[in-house]
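Source file: work-v1.cif. Holds: mmCIF, C-alpha atoms.
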```
data_upload
loop_
_atom_site.label_atom_id
_atom_site.label_comp_id
_atom_site.auth_asym_id
_atom_site.auth_seq_id
_atom_site.Cartn_x
_atom_site.Cartn_y
_atom_site.Cartn_z
CA MET A 1 0.48 14.16 -18.89
CA ASN A 2 2.89 11.61 -20.38
CA SER A 3 5.88 13.50 -18.96
CA LEU A 4 4.42 13.17 -15.46
CA GLN A 5 3.81 9.46 -15.74
CA PRO A 6 7.39 8.33 -14.97
CA ILE A 7 7.57 10.75 -12.03
CA LEU A 8 4.22 9.50 -10.73
CA ARG A 9 5.36 5.87 -11.03
CA ILE A 10 8.51 6.69 -9.06
CA LEU A 11 6.51 8.46 -6.34
CA LEU A 12 4.05 5.58 -6.03
CA ALA A 13 6.88 3.04 -5.85
CA MET A 14 8.56 5.18 -3.19
CA PHE A 15 5.28 5.26 -1.24
CA LEU A 16 5.10 1.45 -1.21
CA ALA A 17 8.80 1.17 -0.30
CA ILE A 18 8.27 3.60 2.59
CA CYS A 19 5.30 1.49 3.76
CA VAL A 20 7.58 -1.57 3.86
CA ALA A 21 10.32 0.40 5.65
CA VAL A 22 7.98 1.80 8.31
CA HIS A 23 6.89 -1.69 9.32
CA ILE A 24 10.46 -3.00 9.32
CA ILE A 25 11.35 -0.13 11.65
CA GLY A 26 8.31 -1.11 13.73
CA PHE A 27 10.18 -4.30 14.70
CA PHE A 28 12.89 -2.24 16.41
CA TYR A 29 11.12 0.95 17.46
CA PRO A 30 7.48 0.97 18.51
CA VAL A 31 5.76 3.31 16.04
CA SER A 32 2.34 2.18 17.27
CA ASN A 33 0.77 -0.38 19.60
CA GLU A 34 0.56 -2.78 16.65
CA PRO A 35 1.69 -6.37 17.40
CA MET A 36 4.74 -7.87 15.68
CA TRP A 37 2.65 -10.32 13.63
CA SER A 38 0.78 -7.36 12.13
CA HIS A 39 4.06 -5.68 11.15
CA THR A 40 5.07 -8.94 9.48
CA VAL A 41 1.83 -9.17 7.51
CA HIS A 42 2.17 -5.50 6.50
CA ILE A 43 5.73 -6.09 5.27
CA LEU A 44 4.69 -9.11 3.21
CA SER A 45 1.59 -7.36 1.88
CA TYR A 46 3.28 -4.10 0.92
CA GLY A 47 6.21 -6.07 -0.51
CA LEU A 48 3.84 -8.02 -2.76
CA CYS A 49 2.17 -4.78 -3.82
CA LEU A 50 5.53 -3.19 -4.62
CA PHE A 51 6.68 -6.26 -6.54
CA THR A 52 3.55 -6.42 -8.70
CA PHE A 53 3.67 -2.66 -9.28
CA LEU A 54 7.27 -2.75 -10.50
CA LYS A 55 7.32 -6.11 -12.29
CA ARG A 56 4.87 -6.93 -15.04
CA ILE A 57 3.69 -10.48 -14.42
CA LYS A 58 0.72 -12.42 -15.67
CA HIS A 59 -2.31 -11.82 -13.46
CA GLY A 60 -0.30 -9.32 -11.40
CA VAL A 61 -3.44 -7.38 -10.59
CA PHE A 62 -4.81 -10.36 -8.64
CA LEU A 63 -1.59 -10.65 -6.66
CA TYR A 64 -1.69 -6.91 -6.03
CA LEU A 65 -5.29 -7.14 -4.78
CA ALA A 66 -4.35 -10.00 -2.46
CA GLY A 67 -1.45 -7.95 -1.12
CA MET A 68 -3.45 -4.80 -0.56
CA LEU A 69 -6.33 -6.38 1.37
CA TYR A 70 -4.79 -6.45 4.85
CA PRO A 71 -3.20 -2.98 4.81
CA PHE A 72 -6.28 -1.43 3.20
CA PHE A 73 -8.72 -2.75 5.79
CA PHE A 74 -6.28 -2.26 8.69
CA HIS A 75 -5.79 1.42 7.83
CA ALA A 76 -9.47 1.98 6.95
CA ARG A 77 -10.41 0.70 10.41
CA CYS A 78 -7.64 2.77 11.99
CA ALA A 79 -8.82 5.95 10.24
CA TRP A 80 -12.48 5.28 11.06
CA GLU A 81 -11.92 4.46 14.74
CA GLY A 82 -9.52 7.37 15.23
CA PHE A 83 -12.05 9.80 13.84
CA ASN A 84 -15.15 8.18 15.34
CA LEU A 85 -13.81 7.51 18.83
CA TYR A 86 -11.30 10.31 19.32
CA GLY A 87 -12.22 12.93 16.73
CA GLN A 88 -8.73 12.68 15.23
CA PHE A 89 -7.98 12.69 11.52
CA ASN A 90 -5.20 10.21 10.69
CA ALA A 91 -3.75 11.44 7.41
CA ILE A 92 -1.41 8.47 7.02
CA CYS A 93 -4.24 5.95 7.24
CA VAL A 94 -6.36 7.96 4.80
CA LEU A 95 -3.40 8.23 2.42
CA VAL A 96 -2.95 4.44 2.47
CA VAL A 97 -6.67 3.87 1.89
CA VAL A 98 -6.67 6.26 -1.09
CA LEU A 99 -3.35 5.31 -2.69
CA LEU A 100 -3.53 1.50 -2.50
CA PRO A 101 -6.57 1.28 -4.83
CA ALA A 102 -5.11 3.99 -7.08
CA ILE A 103 -1.89 2.00 -7.45
CA GLY A 104 -3.93 -1.15 -8.07
CA TYR A 105 -5.71 0.66 -10.88
CA GLN A 106 -2.33 1.46 -12.42
CA VAL A 107 -1.33 -2.22 -12.16
CA TRP A 108 -4.60 -3.21 -13.85
CA LEU A 109 -4.17 -0.65 -16.63
CA LYS A 110 -0.62 -1.78 -17.35
CA GLY A 111 -1.76 -5.41 -17.45
CA LYS A 112 -4.51 -4.55 -19.93
CA GLU A 113 -2.07 -2.59 -22.04
CA ASN A 114 0.39 -5.51 -22.16
CA HIS A 115 -2.37 -8.14 -22.43
CA ILE A 116 -1.07 -10.06 -19.42
#
```
In structure tokens, what does this structure look like?
Amino acid sequence: MNSLQPILRILLAMFLAICVAVHIIGFFYPVSNEPMWSHTVHILSYGLCLFTFLKRIKHGVFLYLAGMLYPFFFHARCAWEGFNLYGQFNAICVLVVVLLPAIGYQVWLKGKENHI
């Protein structure tokens, strides 16, 4: 399992970086009917999550939790409404809802390990 840990960390960091990139692209190409202010909040939120995941800072888990709130609830609502109203499964929204807490758990574990 230890040999997979660096690969997993790279994949999770890439996931967060892709989340930032998708919303930056959303400024120039409409990827959804999401307003510009929402793209901005997503960029800031995912950026904070990526920063606290990569950089070990004191109380980083609290910053991570603050950063993940908007995208988590936005995508949870998106997944729920898409399935409930239209019978469509939105894999991207479900992936965000599953991975954001999992990454937060990794941030928390690393903070406990380093006593920060």
### Interatomic distance (Å, one decimal) between CA of Ile92 (chain A) and CA of Ala79 (chain A)
8.5 Å
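Proximity ranking of A:Ser32, A:Lys55, A:Ile103, A:Leu109 relative to Leu8 (chain A) places A:Ile103 first, based on only C-alpha atoms.
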### Query
Near Cys19 (chain A), counting only C-alpha atoms, which residues have an atom at most 9 Å away, once you skip same-chain residues fewer than 3 positions from it, shown as an NGL selection string?
:A and (14-16 or 22-24 or 42-43 or 46-47 or 96)
### Task
Between A:Tyr86, A:Leu54, A:Tyr105, A:His59, single out the one closest to Ile10 (chain A), counting all atoms listed in the file.
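Answer, going by the shortest atom-to-atom distance: A:Leu54.
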#### Entry: Picked residues, the PyMOL selection byres ((chain A and resi 39) around 12), expected as a PyMOL selection string
chain A and resi 19-38+40-47+70-71+74
On this structure, which residues satisfy the PyMOL selection byres ((chain A and resi 112) around 12), written as a short mmCIF file (atom, residue, chain, number, x, y, z; two decimals) with C-alpha atoms, in the coordinates of the input?
```cif
data_model
loop_
_atom_site.label_atom_id
_atom_site.label_comp_id
_atom_site.auth_asym_id
_atom_site.auth_seq_id
_atom_site.Cartn_x
_atom_site.Cartn_y
_atom_site.Cartn_z
CA ARG A 56 4.87 -6.93 -15.04
CA ILE A 57 3.69 -10.48 -14.42
CA LYS A 58 0.72 -12.42 -15.67
CA HIS A 59 -2.31 -11.82 -13.46
CA GLY A 60 -0.30 -9.32 -11.40
CA VAL A 61 -3.44 -7.38 -10.59
CA TYR A 105 -5.71 0.66 -10.88
CA GLN A 106 -2.33 1.46 -12.42
CA VAL A 107 -1.33 -2.22 -12.16
CA TRP A 108 -4.60 -3.21 -13.85
CA LEU A 109 -4.17 -0.65 -16.63
CA LYS A 110 -0.62 -1.78 -17.35
CA GLY A 111 -1.76 -5.41 -17.45
CA GLU A 113 -2.07 -2.59 -22.04
CA ASN A 114 0.39 -5.51 -22.16
CA HIS A 115 -2.37 -8.14 -22.43
CA ILE A 116 -1.07 -10.06 -19.42
#
```
### Query
What do you get, as a list in words, if you spell out every residue that the PyMOL selection byres ((chain A and resi 68) around 9) selects here?
Ser45, Tyr46, Leu48, Cys49, Leu63, Tyr64, Leu65, Ala66, Gly67, Leu69, Tyr70, Pro71, Phe72, Phe73, Leu100, Pro101 and Gly104 of chain A
### Task
Could you check how far CA of Trp80 (chain A) sits from CA of Ala13 (chain A), in Å to one decimal?
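Value for the CA of Trp80 (chain A)-CA of Ala13 (chain A) distance: 25.8 Å.
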Work out where the centre of an axis-aligned box around every listed atom of region 87-96 of chain A lies and how long its edges are once 6 Å is added on each side; give both in Å to one decimal as JSON.
```
{"center_x": -6.8, "center_y": 8.7, "center_z": 9.6, "size_x": 22.8, "size_y": 20.5, "size_z": 26.3}
```
